[in-house]
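Visitor: Below you'll find final39.txt; it's compact mmCIF, C-alpha atoms.
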# COMPACT_ATOMS: atom_id res chain seq x y z
CA MET A 1 0.00 0.00 0.00
CA SER A 2 2.79 2.47 0.86
CA ASP A 3 4.18 2.41 -2.73
CA GLU A 4 0.93 4.01 -3.95
CA LEU A 5 0.74 6.76 -1.32
CA PRO A 6 1.70 10.40 -1.82
CA GLN A 7 4.96 11.65 -0.38
CA GLY A 8 4.73 12.26 3.37
CA TRP A 9 1.98 9.70 3.90
CA ALA A 10 2.51 6.49 5.86
CA THR A 11 0.59 3.34 6.68
CA ALA A 12 -0.32 1.82 10.02
CA THR A 13 -2.71 -0.77 11.32
CA LEU A 14 -5.75 0.50 13.19
CA GLY A 15 -4.49 -1.47 16.18
CA GLY A 16 -1.25 0.49 16.02
CA LEU A 17 -3.11 3.80 15.89
CA PHE A 18 -5.97 3.28 18.32
CA ASP A 19 -7.19 1.46 21.37
CA PHE A 20 -10.82 0.44 20.80
CA LYS A 21 -12.03 0.65 24.40
CA TYR A 22 -15.15 -1.13 25.62
CA GLY A 23 -18.11 1.08 26.50
CA LYS A 24 -19.31 1.08 30.09
CA GLY A 25 -22.68 -0.34 31.12
CA LEU A 26 -25.35 2.21 32.05
CA LEU A 27 -28.86 0.86 32.39
CA ARG A 28 -31.66 2.95 30.90
CA GLU A 29 -33.16 3.55 34.36
CA ASN A 30 -29.79 4.87 35.59
CA ARG A 31 -29.48 7.47 32.81
CA ASN A 32 -30.67 10.41 34.83
CA GLY A 33 -31.82 12.42 31.81
CA LYS A 34 -30.78 15.65 33.53
CA GLY A 35 -27.24 16.15 32.32
CA ALA A 36 -25.84 17.38 29.04
CA VAL A 37 -23.62 14.34 28.43
CA LYS A 38 -24.87 12.23 25.53
CA VAL A 39 -25.10 8.48 26.06
CA TYR A 40 -24.21 6.48 22.93
CA GLY A 41 -25.18 2.94 22.04
CA SER A 42 -24.16 1.07 18.92
CA ASN A 43 -26.80 2.91 16.86
CA GLY A 44 -26.26 6.47 18.14
CA VAL A 45 -27.52 8.62 21.00
CA VAL A 46 -29.74 6.66 23.40
CA GLY A 47 -30.09 9.17 26.24
CA VAL A 48 -28.32 11.72 28.42
CA HIS A 49 -26.50 11.60 31.72
CA ASP A 50 -24.56 13.96 33.98
CA LYS A 51 -21.22 12.14 33.83
CA ALA A 52 -18.92 11.26 30.94
CA VAL A 53 -16.73 8.22 30.47
CA THR A 54 -14.57 9.69 27.70
CA LYS A 55 -11.97 12.45 27.91
CA GLY A 56 -12.90 14.58 24.91
CA PRO A 57 -13.86 14.13 21.27
CA THR A 58 -14.91 10.51 20.84
CA ILE A 59 -15.50 8.05 18.03
CA ILE A 60 -18.12 5.44 18.91
CA VAL A 61 -18.19 2.15 16.96
CA GLY A 62 -21.11 -0.28 17.22
CA ARG A 63 -19.88 -3.54 18.73
CA LYS A 64 -23.16 -5.46 19.22
CA GLY A 65 -26.48 -4.95 17.48
CA SER A 66 -25.81 -2.15 14.98
CA VAL A 67 -22.42 -3.61 14.18
CA GLY A 68 -19.84 -1.29 12.68
CA GLU A 69 -21.97 1.87 12.91
CA VAL A 70 -19.63 4.82 13.46
CA HIS A 71 -20.69 7.94 15.37
CA PHE A 72 -18.73 11.01 16.42
CA SER A 73 -19.13 13.09 19.56
CA PRO A 74 -17.16 16.34 19.59
CA GLU A 75 -17.34 16.45 23.39
CA PRO A 76 -16.93 13.91 26.21
CA CYS A 77 -19.72 11.33 26.28
CA TRP A 78 -20.75 7.97 27.74
CA PRO A 79 -20.54 5.04 25.29
CA ILE A 80 -22.44 2.05 26.69
CA ASP A 81 -21.34 -1.56 26.57
CA THR A 82 -22.76 -2.28 23.09
CA ALA A 83 -20.05 -0.06 21.60
CA TYR A 84 -16.33 0.49 21.42
CA PHE A 85 -14.94 3.98 21.74
CA ILE A 86 -11.80 5.87 20.82
CA ASP A 87 -10.92 9.03 22.74
CA GLU A 88 -7.16 9.17 22.21
CA PHE A 89 -5.77 10.17 18.83
CA PRO A 90 -2.32 10.52 17.23
CA PRO A 91 -0.75 13.91 18.06
CA GLY A 92 -2.02 16.72 15.83
CA SER A 93 -4.51 14.41 14.14
CA PRO A 94 -8.11 15.68 13.94
CA PRO A 95 -10.54 13.12 15.42
CA THR A 96 -13.09 13.99 12.73
CA TYR A 97 -10.69 12.67 10.08
CA TRP A 98 -10.56 9.30 11.77
CA ALA A 99 -14.34 9.20 12.27
CA LEU A 100 -14.84 9.78 8.55
CA TYR A 101 -12.15 7.24 7.71
CA LEU A 102 -13.71 4.55 9.92
CA LYS A 103 -17.12 5.22 8.33
CA SER A 104 -15.56 4.58 4.93
CA LEU A 105 -14.31 1.13 5.99
CA ARG A 106 -17.81 -0.42 6.22
CA LEU A 107 -16.92 -2.16 9.46
CA GLU A 108 -20.24 -4.02 9.45
CA GLN A 109 -18.60 -6.36 6.93
CA GLN A 110 -16.23 -7.50 9.72
CA GLU A 111 -19.21 -9.11 11.51
CA LYS A 112 -18.67 -12.86 12.05
CA SER A 113 -21.11 -13.78 14.82
CA SER A 114 -23.76 -16.40 14.27
CA ALA A 115 -26.40 -15.38 16.84
CA ILE A 116 -26.18 -11.73 17.91
CA PRO A 117 -24.39 -9.55 15.36
CA GLY A 118 -21.03 -8.39 16.68
CA ILE A 119 -17.50 -7.46 15.67
CA SER A 120 -14.21 -8.21 17.33
CA ARG A 121 -11.82 -5.33 17.82
CA ASP A 122 -8.97 -7.74 17.07
CA ASP A 123 -10.35 -8.17 13.54
CA VAL A 124 -10.65 -4.39 13.14
CA TYR A 125 -7.12 -3.86 14.47
CA ASP A 126 -5.69 -5.77 11.49
CA ASN A 127 -6.98 -3.20 8.96
CA GLU A 128 -4.18 -1.18 7.42
CA ALA A 129 -4.84 2.55 7.11
CA PRO A 130 -3.17 5.27 5.07
CA VAL A 131 -1.97 8.03 7.40
CA PRO A 132 -1.65 11.44 5.77
CA PRO A 133 0.18 14.25 7.56
CA PRO A 134 -2.07 16.18 10.00
CA TRP A 135 -2.33 19.23 7.72
CA GLU A 136 -3.57 16.98 4.91
CA GLN A 137 -6.06 15.30 7.27
CA ARG A 138 -7.52 18.72 8.11
CA ARG A 139 -7.76 19.59 4.41
CA ILE A 140 -9.54 16.28 3.68
CA VAL A 141 -12.00 16.87 6.54
CA ALA A 142 -12.82 20.40 5.31
CA LYS A 143 -13.46 19.15 1.77
CA LEU A 144 -15.55 16.18 2.92
CA GLU A 145 -17.65 18.33 5.26
CA THR A 146 -18.45 20.67 2.35
CA LEU A 147 -19.40 17.74 0.12
CA LEU A 148 -21.39 15.94 2.82
CA ASP A 149 -23.37 19.16 3.49
CA LYS A 150 -24.31 19.18 -0.20
CA VAL A 151 -25.29 15.50 -0.01
CA ASP A 152 -27.51 16.20 3.01
CA ALA A 153 -29.17 19.14 1.22
CA SER A 154 -29.77 16.96 -1.85
CA GLN A 155 -31.29 14.19 0.29
CA GLN A 156 -33.66 16.70 1.89
CA ARG A 157 -34.77 17.94 -1.53
CA LEU A 158 -35.20 14.37 -2.81
CA ALA A 159 -37.33 13.51 0.22
CA LYS A 160 -39.86 16.16 -0.91
CA ILE A 161 -40.32 14.60 -4.37
CA PRO A 162 -42.89 11.92 -3.43
CA VAL A 163 -45.21 14.61 -1.99
CA LEU A 164 -44.83 16.73 -5.13
CA LEU A 165 -45.52 13.71 -7.36
CA LYS A 166 -48.63 12.84 -5.36
CA ARG A 167 -49.99 16.38 -5.74
CA PHE A 168 -49.16 16.35 -9.45
CA ARG A 169 -50.97 13.03 -9.97
CA GLN A 170 -54.01 14.35 -8.09
CA SER A 171 -54.02 17.50 -10.23
CA VAL A 172 -53.77 15.50 -13.45
CA LEU A 173 -56.57 13.13 -12.35
CA ALA A 174 -58.78 16.04 -11.30
CA ALA A 175 -58.16 17.80 -14.63
CA ALA A 176 -58.85 14.59 -16.58
CA CYS A 177 -62.09 13.86 -14.69
CA SER A 178 -63.39 17.41 -15.13
CA GLY A 179 -62.63 17.53 -18.85
CA ARG A 180 -59.91 20.20 -18.55
CA LEU A 181 -57.21 17.91 -19.95
If you took the structure in this file and wrote it as structure tokens, what would it be?

Guide:
Amino acid sequence: MSDELPQGWATATLGGLFDFKYGKGLLRENRNGKGAVKVYGSNGVVGVHDKAVTKGPTIIVGRKGSVGEVHFSPEPCWPIDTAYFIDEFPPGSPPTYWALYLKSLRLEQQEKSSAIPGISRDDVYDNEAPVPPPWEQRRIVAKLETLLDKVDASQQRLAKIPVLLKRFRQSVLAAACSGRL
């Protein structure tokens, strides 16, 4: 892989870059709902609490259930035991870069369980990752955020199309039935 990379880039395994820590159990009835700390499960935010488990920006990866789902919290949070989390990053490296990179890996394909879907962090650790210099990581994040904003806007516009088509069909039928067509 390193022969194909631009100058200044390197490669590393995910296990060499990160420690995928296990989330901490927090029963639904123990999530006090009063704090500002988001509680993350494998499929995203599942509540709030007044204490955090993580130190700062955090990547949450679904371990059981919604296997391989990747979420990002810009502030300290509480990942529960259905998820892994990463809250320590290489020096100078923006955590958002690594969240976007992990999303691109389609980690759900690492799932090997037969009963309850799950992934092993040891399997994820073996993945080799290109590591651009920190300035390039920030540039990539800025570009991707611009593009992903456009994708979100397009999805919102596309979601309105079925309603417009329904109104159009009703107008055409009404015009046809009244002889105005």

Visitor: Got a sec to check which residues sit within 12 Å of (-11.6, 14.5, 14.8), counting all atoms listed in the file, and write them as a PyMOL selection string?

Guide: chain A and resi 56-60+71-75+86-102+134+137-138+140-142+145

Visitor: Using atom CA of Thr54 of chain A and atom CA of Pro76 of chain A as the two end points, give the distance in Å to one decimal.

Guide: 5.1 Å

Visitor: Between atom CA of Arg28 of chain A and atom CA of Ala83 of chain A, measure the distance and give it in Å to one decimal.

Guide: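 It comes out at 15.2 Å.
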
Visitor: Quick one: distance from atom CA of Thr11 of chain A to atom CA of Tyr125 of chain A in Å, one decimal?

Guide: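 Taking atom CA of Thr11 of chain A and atom CA of Tyr125 of chain A, their separation equals 13.1 Å.
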
Visitor: I'd like to know which of A:Gln109, A:Ser154, A:Thr82, A:Asn30 is closest to Lys51 of chain A, using all atoms listed in the file.

Guide: A:Asn30

Visitor: Identify the residues within 7 Å of coordinate (-2.6, 2.4, 9.9) (same frame as the file), considering only C-alpha atoms, and give the answer as a VMD selection string.

Guide: chain A and resid 11 to 14 16 to 17 128 to 131

Visitor: For segment 108-124 of chain A, what centre and edge lengths in Å (one decimal) does the axis-aligned box get once 5 Å is added on each side of all its listed atoms, as lines of an AutoDock Vina configuration file?

Guide:
center_x = -17.7
center_y = -10.2
center_z = 12.4
size_x = 27.4
size_y = 22.4
size_z = 21.0

Visitor: Write out as a list in words each polymer residue whose atoms come within 8 Å of Gly23 of chain A, counting all atoms listed in the file; drop sequence neighbours fewer than 2 positions from it.

Guide: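 Near neighbours after the sequence-gap exclusion: Lys21, Gly25, Trp78, Pro79, Ile80, Asp81, Thr82, Ala83, Tyr84 and Phe85 of chain A.
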
Visitor: Working from the structure I just supplied, which lacks atoms in segment 67-78 of chain A, can you model all heavy atoms there and output them as a PDB file, in the coordinates of the input?

Guide:
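Final output, saved to part34.pdb:
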ATOM      1  N   VAL A  67     -23.851  -3.318  14.317  1.00  0.00           N
ATOM      2  CA  VAL A  67     -22.420  -3.610  14.180  1.00  0.00           C
ATOM      3  C   VAL A  67     -21.757  -2.684  13.172  1.00  0.00           C
ATOM      4  O   VAL A  67     -22.247  -2.509  12.066  1.00  0.00           O
ATOM      5  CB  VAL A  67     -22.231  -5.075  13.738  1.00  0.00           C
ATOM      6  CG1 VAL A  67     -20.787  -5.382  13.459  1.00  0.00           C
ATOM      7  CG2 VAL A  67     -22.782  -6.000  14.783  1.00  0.00           C
ATOM      8  N   GLY A  68     -20.640  -2.095  13.588  1.00  0.00           N
ATOM      9  CA  GLY A  68     -19.840  -1.290  12.680  1.00  0.00           C
ATOM     10  C   GLY A  68     -20.339   0.128  12.457  1.00  0.00           C
ATOM     11  O   GLY A  68     -19.694   0.893  11.748  1.00  0.00           O
ATOM     12  N   GLU A  69     -21.480   0.496  13.027  1.00  0.00           N
ATOM     13  CA  GLU A  69     -21.970   1.870  12.910  1.00  0.00           C
ATOM     14  C   GLU A  69     -20.938   2.786  13.567  1.00  0.00           C
ATOM     15  O   GLU A  69     -20.438   2.481  14.653  1.00  0.00           O
ATOM     16  CB  GLU A  69     -23.313   2.045  13.612  1.00  0.00           C
ATOM     17  CG  GLU A  69     -24.477   1.442  12.881  1.00  0.00           C
ATOM     18  CD  GLU A  69     -24.907   2.260  11.674  1.00  0.00           C
ATOM     19  OE1 GLU A  69     -24.862   3.499  11.734  1.00  0.00           O
ATOM     20  OE2 GLU A  69     -25.273   1.634  10.672  1.00  0.00           O
ATOM     21  N   VAL A  70     -20.622   3.891  12.929  1.00  0.00           N
ATOM     22  CA  VAL A  70     -19.630   4.820  13.460  1.00  0.00           C
ATOM     23  C   VAL A  70     -20.306   6.160  13.741  1.00  0.00           C
ATOM     24  O   VAL A  70     -20.992   6.702  12.876  1.00  0.00           O
ATOM     25  CB  VAL A  70     -18.464   5.020  12.478  1.00  0.00           C
ATOM     26  CG1 VAL A  70     -17.469   6.045  13.007  1.00  0.00           C
ATOM     27  CG2 VAL A  70     -17.763   3.696  12.202  1.00  0.00           C
ATOM     28  N   HIS A  71     -20.133   6.656  14.959  1.00  0.00           N
ATOM     29  CA  HIS A  71     -20.690   7.940  15.370  1.00  0.00           C
ATOM     30  C   HIS A  71     -19.562   8.785  15.947  1.00  0.00           C
ATOM     31  O   HIS A  71     -18.570   8.258  16.455  1.00  0.00           O
ATOM     32  CB  HIS A  71     -21.791   7.747  16.409  1.00  0.00           C
ATOM     33  CG  HIS A  71     -22.880   6.848  15.925  1.00  0.00           C
ATOM     34  ND1 HIS A  71     -23.891   7.282  15.107  1.00  0.00           N
ATOM     35  CD2 HIS A  71     -23.082   5.523  16.098  1.00  0.00           C
ATOM     36  CE1 HIS A  71     -24.685   6.261  14.814  1.00  0.00           C
ATOM     37  NE2 HIS A  71     -24.205   5.180  15.404  1.00  0.00           N
ATOM     38  N   PHE A  72     -19.748  10.103  15.899  1.00  0.00           N
ATOM     39  CA  PHE A  72     -18.730  11.010  16.420  1.00  0.00           C
ATOM     40  C   PHE A  72     -19.358  11.974  17.406  1.00  0.00           C
ATOM     41  O   PHE A  72     -20.395  12.568  17.137  1.00  0.00           O
ATOM     42  CB  PHE A  72     -18.077  11.791  15.280  1.00  0.00           C
ATOM     43  CG  PHE A  72     -17.030  12.752  15.749  1.00  0.00           C
ATOM     44  CD1 PHE A  72     -15.808  12.295  16.225  1.00  0.00           C
ATOM     45  CD2 PHE A  72     -17.267  14.113  15.754  1.00  0.00           C
ATOM     46  CE1 PHE A  72     -14.842  13.175  16.672  1.00  0.00           C
ATOM     47  CE2 PHE A  72     -16.300  15.006  16.206  1.00  0.00           C
ATOM     48  CZ  PHE A  72     -15.087  14.526  16.664  1.00  0.00           C
ATOM     49  N   SER A  73     -18.725  12.103  18.554  1.00  0.00           N
ATOM     50  CA  SER A  73     -19.130  13.090  19.560  1.00  0.00           C
ATOM     51  C   SER A  73     -17.985  14.084  19.719  1.00  0.00           C
ATOM     52  O   SER A  73     -16.878  13.688  20.094  1.00  0.00           O
ATOM     53  CB  SER A  73     -19.422  12.399  20.896  1.00  0.00           C
ATOM     54  OG  SER A  73     -19.717  13.376  21.880  1.00  0.00           O
ATOM     55  N   PRO A  74     -18.238  15.362  19.449  1.00  0.00           N
ATOM     56  CA  PRO A  74     -17.160  16.340  19.590  1.00  0.00           C
ATOM     57  C   PRO A  74     -16.784  16.640  21.043  1.00  0.00           C
ATOM     58  O   PRO A  74     -15.740  17.211  21.307  1.00  0.00           O
ATOM     59  CB  PRO A  74     -17.726  17.599  18.914  1.00  0.00           C
ATOM     60  CG  PRO A  74     -19.195  17.404  18.873  1.00  0.00           C
ATOM     61  CD  PRO A  74     -19.454  15.932  18.901  1.00  0.00           C
ATOM     62  N   GLU A  75     -17.636  16.221  21.976  1.00  0.00           N
ATOM     63  CA  GLU A  75     -17.340  16.450  23.390  1.00  0.00           C
ATOM     64  C   GLU A  75     -17.345  15.130  24.154  1.00  0.00           C
ATOM     65  O   GLU A  75     -17.761  14.103  23.619  1.00  0.00           O
ATOM     66  CB  GLU A  75     -18.348  17.434  24.010  1.00  0.00           C
ATOM     67  CG  GLU A  75     -19.780  16.967  23.995  1.00  0.00           C
ATOM     68  CD  GLU A  75     -20.575  17.416  22.772  1.00  0.00           C
ATOM     69  OE1 GLU A  75     -20.270  18.441  22.172  1.00  0.00           O
ATOM     70  OE2 GLU A  75     -21.515  16.693  22.416  1.00  0.00           O
ATOM     71  N   PRO A  76     -16.892  15.143  25.410  1.00  0.00           N
ATOM     72  CA  PRO A  76     -16.930  13.910  26.210  1.00  0.00           C
ATOM     73  C   PRO A  76     -18.339  13.322  26.246  1.00  0.00           C
ATOM     74  O   PRO A  76     -19.333  14.058  26.214  1.00  0.00           O
ATOM     75  CB  PRO A  76     -16.480  14.378  27.598  1.00  0.00           C
ATOM     76  CG  PRO A  76     -15.661  15.596  27.339  1.00  0.00           C
ATOM     77  CD  PRO A  76     -16.322  16.273  26.159  1.00  0.00           C
ATOM     78  N   CYS A  77     -18.427  12.003  26.305  1.00  0.00           N
ATOM     79  CA  CYS A  77     -19.720  11.330  26.280  1.00  0.00           C
ATOM     80  C   CYS A  77     -19.631  10.030  27.078  1.00  0.00           C
ATOM     81  O   CYS A  77     -18.603   9.725  27.679  1.00  0.00           O
ATOM     82  CB  CYS A  77     -20.159  11.069  24.846  1.00  0.00           C
ATOM     83  SG  CYS A  77     -19.036   9.973  23.925  1.00  0.00           S
ATOM     84  N   TRP A  78     -20.714   9.256  27.060  1.00  0.00           N
ATOM     85  CA  TRP A  78     -20.750   7.970  27.740  1.00  0.00           C
ATOM     86  C   TRP A  78     -21.161   6.891  26.729  1.00  0.00           C
ATOM     87  O   TRP A  78     -22.345   6.692  26.462  1.00  0.00           O
ATOM     88  CB  TRP A  78     -21.758   7.982  28.888  1.00  0.00           C
ATOM     89  CG  TRP A  78     -21.716   6.742  29.733  1.00  0.00           C
ATOM     90  CD1 TRP A  78     -21.834   5.443  29.308  1.00  0.00           C
ATOM     91  CD2 TRP A  78     -21.571   6.668  31.149  1.00  0.00           C
ATOM     92  NE1 TRP A  78     -21.747   4.575  30.349  1.00  0.00           N
ATOM     93  CE2 TRP A  78     -21.596   5.302  31.506  1.00  0.00           C
ATOM     94  CE3 TRP A  78     -21.415   7.619  32.151  1.00  0.00           C
ATOM     95  CZ2 TRP A  78     -21.481   4.874  32.822  1.00  0.00           C
ATOM     96  CZ3 TRP A  78     -21.309   7.183  33.454  1.00  0.00           C
ATOM     97  CH2 TRP A  78     -21.335   5.817  33.786  1.00  0.00           C
TER      98      TRP A  78
END
